[in-house]
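*Asks:* Here you go, one structure.
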Amino acid sequence: MSLFRYVKPCVVFFVVITVGCAPLKTANVSSSSAGDIVRASWPVEVRETSGIALHNELNWTVNDSGGEPVVYALNNDHDIEKKVYIRGAKNVDWESLAQDDEFLYIADCGNNRGNRSVVQIYKVLWLSLIEGVTGESVAAEKMNIRYADFPEEKLSREHNFDCEALTVVDDELWLFTKGWGNEKTKLYRLDKSKPNQAVAAEQEYNVGGLITGADFDPLSRRLVLLGYDKNLIFGQSFIWLVPVDSLPIWDKAQRIKLHPYAQWEAVAWNKEEGENELLLTSERSPLLDESVGRLKIATDSL
């Protein structure tokens with residue numbers, strides 16, 4: 001979903017040349033110096049990349065909002081090795097990928113207009129994706145997730161039921177919302193094994209921006225949340241690093257601003273490069289072309 005939904009075309013150039021001016025907003029937790037992303041270009045075919053997963057030495061991604069129901073596999077030279085269709089699926093607004101050892105989870109949870117009280121998650125066997133070839137389709141289990149706390153009245157444009165972030169935490173799926181109205185994120189905890197479920201928000205966190213991605217590392221028990229400021233003219237991209245017990249330990253969370261400022265849409269711990277590196281993807285926007293980036297986490301941020 002476009003970063004510039006509130007910006008008229010005549011001010012886009014001004015956005016691009018002034019992005020470094022904003023003070024860092026915090027939520028009564030610590031902040032650190034900027035994280036510099038080392039980036040490379042991705043193929044134009046994934047210009048709306050919205051999720052990232054690393055499996056079987058390949059980088060897996062999807063395009064968002066109205067794209068084909070396709071999962072792309074890219075190698076470390078940034079070439080597309082194959083594209084596999086998800087049988088019977090529809091890409092209303094695919095916004096995130098999550099993974100465990102057995103399954104890839106595709107979150108069709110984008111809700112820019114605030115008219116979706118039910119969203120979908122497609123649960124796909126990794127084995128079928130690995131064995132699949134370009135042009136083929138593979139089966140998926142469809143999960144229907146209903147927001148039990150979705151209001152009856154029509155939502156305004158400044159609503160808090162958009163969503164672009166999903167990750168696996170232990171035996172659960174954690175869904176994080178994108179709060180256009182209050183710049184907070186709500187946590188919904190889902191059962192990975194239930195095809196249909198209704199859930200209410202478990203917690204709400206003051207992230208001071210719009211959350212676009214999430215990933216959890218079970219070894220270090222660290223959650224990363226990716227996002228950007230709602231204030232686009234003087235904005236910045238950021239991550240939150242959050243230790244996790246049964247829930248995020250928010251009073252120990254740390255926010256790190258990112259350079260370059262871009263429409264960073266997805267994040268994953270890059271375990272192939274050790275436990276202190278993140279992989280990020282950026283959708284094409286006036287700020288930056290479609291990109292993949294690496295971010296080293298400084299030891300004083302752990």
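Residues in the structure tokens are numbered from 1 in each chain, the chains being A, B, ... in the order shown, and ligands are numbered from 1 in the order shown.
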For the interface of segment 194-250 of chain A with segment 93-98 of chain A (cut-off 9 Å, counting only C-alpha atoms), please tabulate each contacting residue of segment 194-250 of chain A alongside its nearest pair of atoms and their separation in Å to one decimal, rows sorted by chain and increasing number, as CSV.
*Replies:*
```
residue,atom,partner,partner_atom,distance
A:Thr212,CA,A:Glu95,CA,8.0
A:Gly213,CA,A:Ser96,CA,6.8
A:Ala214,CA,A:Ser96,CA,8.3
A:Asp215,CA,A:Ala98,CA,7.4
```
*Asks:* Near Ala148 of chain A, within 9 Å and counting only C-alpha atoms, which residues show up once chain neighbours fewer than 3 positions away are dropped, as a ChimeraX atom specification?
*Replies:* /A:117,151,198-201
*Asks:* Using only C-alpha atoms, determine which residues lie at most 8 Å from Glu48 of chain A, disregarding the query and same-chain residues fewer than 4 positions distant; provide the list as a list in words.
*Replies:*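 The neighbour list is Val62, Asn63, Asp64, Ser282, Glu283, Arg284 and Glu290 of chain A.
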*Asks:* Kindly save the residues from that selection, with C-alpha atoms included, as a compact mmCIF listing (two decimals), in the first residue's frame.
*Replies:*
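So the final result, stored in out21.txt, reads:
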```txt
# COMPACT_ATOMS: atom_id res chain seq x y z
CA VAL A 62 4.96 -11.36 -2.72
CA ASN A 63 3.44 -8.25 -4.26
CA ASP A 64 0.59 -6.46 -2.53
CA SER A 282 11.35 -1.69 -0.17
CA GLU A 283 8.42 -1.11 -2.49
CA ARG A 284 8.97 1.28 -5.39
CA GLU A 290 12.24 -1.66 -5.43
```
*Asks:* To test your reading of the structure, identify every residue in segment 37-240 of chain A that backbone DSSP assigns to strand (DSSP E), and report it as a ChimeraX atom specification.
*Replies:* /A:38-41,49-55,58-63,70-74,80-86,94-99,103-108,118-125,137-138,141-147,162-169,172-178,185-191,196-199,203-205,210-217,222-228,237-240
*Asks:* Include C-alpha atoms and write out the residues we just selected as a compact mmCIF listing (two decimals), in the first residue's frame.
*Replies:*
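again.txt written:
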```txt
# COMPACT_ATOMS: atom_id res chain seq x y z
CA VAL A 38 23.16 -1.51 2.60
CA ARG A 39 20.81 -1.89 -0.35
CA ALA A 40 20.66 -3.49 -3.79
CA SER A 41 18.08 -3.34 -6.56
CA THR A 49 7.15 -6.30 -2.58
CA SER A 50 5.33 -6.50 0.74
CA GLY A 51 6.70 -9.55 2.54
CA ILE A 52 9.98 -11.41 2.96
CA ALA A 53 10.88 -14.91 4.13
CA LEU A 54 14.20 -16.77 3.94
CA HIS A 55 14.07 -20.51 3.34
CA LEU A 58 16.18 -18.41 -1.32
CA ASN A 59 14.45 -15.11 -0.59
CA TRP A 60 10.67 -15.42 -0.93
CA THR A 61 8.42 -12.42 -1.51
CA VAL A 62 4.96 -11.36 -2.72
CA ASN A 63 3.44 -8.25 -4.26
CA VAL A 70 2.07 -15.56 -6.70
CA VAL A 71 5.03 -16.26 -4.44
CA TYR A 72 8.40 -15.27 -5.95
CA ALA A 73 11.68 -17.00 -5.10
CA LEU A 74 14.83 -14.90 -5.59
CA ILE A 80 13.92 -14.49 -9.81
CA GLU A 81 14.40 -18.26 -9.85
CA LYS A 82 10.70 -19.09 -9.98
CA LYS A 83 7.18 -17.84 -9.35
CA VAL A 84 4.62 -20.23 -7.91
CA TYR A 85 0.87 -19.59 -7.91
CA ILE A 86 -1.31 -20.25 -4.86
CA TRP A 94 -1.22 -9.38 0.44
CA GLU A 95 0.89 -7.50 2.97
CA SER A 96 3.13 -9.86 4.91
CA LEU A 97 4.85 -13.24 5.07
CA ALA A 98 5.56 -15.34 8.15
CA GLN A 99 7.17 -18.74 8.44
CA PHE A 103 4.72 -23.65 6.47
CA LEU A 104 4.81 -20.25 4.79
CA TYR A 105 1.96 -17.97 5.91
CA ILE A 106 0.71 -15.29 3.49
CA ALA A 107 -1.28 -12.52 5.19
CA ASP A 108 -4.00 -11.01 3.01
CA VAL A 118 -12.46 -10.46 8.15
CA VAL A 119 -9.01 -11.01 6.64
CA GLN A 120 -7.32 -14.11 5.25
CA ILE A 121 -4.11 -15.99 5.82
CA TYR A 122 -2.94 -18.64 3.33
CA LYS A 123 -0.96 -21.48 4.87
CA VAL A 124 1.34 -23.15 2.33
CA LEU A 125 3.64 -26.14 2.78
CA SER A 137 0.07 -23.76 -8.68
CA VAL A 138 0.23 -25.28 -5.23
CA GLU A 141 -5.15 -23.85 3.53
CA LYS A 142 -7.20 -20.68 3.84
CA MET A 143 -7.60 -19.19 7.31
CA ASN A 144 -10.36 -16.63 7.93
CA ILE A 145 -9.60 -14.22 10.76
CA ARG A 146 -12.39 -12.03 12.09
CA TYR A 147 -11.64 -8.99 14.25
CA ASP A 162 -5.25 -1.63 8.68
CA CYS A 163 -2.65 -4.40 8.88
CA GLU A 164 0.67 -5.17 7.18
CA ALA A 165 2.64 -7.30 9.66
CA LEU A 166 2.52 -10.99 10.59
CA THR A 167 5.07 -13.24 12.30
CA VAL A 168 5.28 -16.63 14.02
CA VAL A 169 5.98 -16.57 17.75
CA GLU A 172 1.11 -18.71 17.49
CA LEU A 173 0.76 -16.19 14.69
CA TRP A 174 1.07 -12.59 15.83
CA LEU A 175 -0.69 -9.98 13.73
CA PHE A 176 0.24 -6.30 14.19
CA THR A 177 -2.00 -3.49 12.95
CA LYS A 178 -1.13 -0.25 11.19
CA THR A 185 -0.08 -0.95 16.79
CA LYS A 186 -2.41 -3.60 18.19
CA LEU A 187 -1.36 -7.21 18.72
CA TYR A 188 -3.70 -10.05 17.75
CA ARG A 189 -2.62 -13.57 18.73
CA LEU A 190 -3.83 -16.32 16.40
CA ASP A 191 -3.93 -20.11 16.58
CA ASN A 196 -11.59 -19.94 11.22
CA GLN A 197 -11.29 -17.80 14.34
CA ALA A 198 -12.43 -14.54 15.90
CA VAL A 199 -9.84 -12.61 17.92
CA GLN A 203 -2.18 -5.41 23.65
CA GLU A 204 -1.60 -1.99 22.08
CA TYR A 205 1.82 -0.34 21.77
CA LEU A 210 2.86 3.06 10.87
CA ILE A 211 3.94 -0.59 11.20
CA THR A 212 4.61 -2.40 7.91
CA GLY A 213 6.48 -5.56 8.90
CA ALA A 214 7.42 -7.88 11.75
CA ASP A 215 9.63 -10.88 12.46
CA PHE A 216 10.55 -12.89 15.57
CA ASP A 217 13.81 -14.69 16.28
CA ARG A 222 13.70 -10.70 19.89
CA LEU A 223 10.85 -9.20 17.94
CA VAL A 224 11.51 -6.60 15.24
CA LEU A 225 8.79 -4.22 14.07
CA LEU A 226 9.37 -2.17 10.91
CA GLY A 227 7.63 1.09 10.07
CA TYR A 228 7.72 4.70 8.99
CA SER A 237 11.81 4.89 8.60
CA PHE A 238 12.45 2.97 11.82
CA ILE A 239 12.55 -0.39 13.53
CA TRP A 240 11.65 -1.38 17.06
```
*Asks:* Using atom CA of Glu272 of chain A and atom CA of Arg221 of chain A as the two end points, give the distance in Å to one decimal.
*Replies:*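 These two atoms are separated by 16.9 Å.
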*Asks:* From the set A:Ala262, A:Ile37, A:Val207, A:Val244, which residue has the shortest atom-to-atom contact distance to Arg294 of chain A, counting only C-alpha atoms?
*Replies:*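 Among A:Ala262, A:Ile37, A:Val207, A:Val244, it is A:Ile37 that comes nearest to Arg294 of chain A.
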*Asks:* Using backbone DSSP assignments, extract all alpha helix (DSSP H) residues from segment 91-132 of chain A; output them as number ranges by chain.
*Replies:* A: 126-131
*Asks:* Identify which of the residues A:Gly110, A:Pro286, A:Gly209, A:Gly179 lies closest to Asn231 of chain A, counting only C-alpha atoms when measuring atom-to-atom distances.
*Replies:*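 Of the candidates, the smallest distance to Asn231 of chain A is held by A:Gly209.
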*Asks:* Enter the distance from atom CA of Ala140 of chain A to atom CA of Arg87 of chain A, in Å, rounded to one decimal.
*Replies:* 6.8 Å
*Asks:* Would you please work out which residue, of A:Asp101, A:Leu279, A:Ile297, A:Ala139, is nearest to Trp126 of chain A when using only C-alpha atoms?
*Replies:* A:Asp101
*Asks:* Do you have the atom CA of Arg255 of chain A-atom CA of Leu241 of chain A distance handy?
*Replies:*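 Spanning atom CA of Arg255 of chain A to atom CA of Leu241 of chain A is a straight-line distance of 6.4 Å.
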*Asks:* Taking into account only C-alpha atoms, which residue in the set A:Ala253, A:Ala298, A:Leu287, A:Cys109 is nearest to Asn91 of chain A?
*Replies:*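 Closest candidate: A:Cys109.
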*Asks:* With distances taken over only C-alpha atoms, which of A:Val44, A:Trp250, A:Gly67, A:Gly114 is nearest to Glu152 of chain A?
*Replies:*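 Looking at the shortest contact to Glu152 of chain A, the residue is A:Gly114.
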*Asks:* I need the residue nearest Asp36 of chain A from this list: A:Leu129, A:Val92, A:Ile233, A:Leu280. Use only C-alpha atoms for the distance.
*Replies:*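 Under the stated criterion, the closest residue is A:Leu280.
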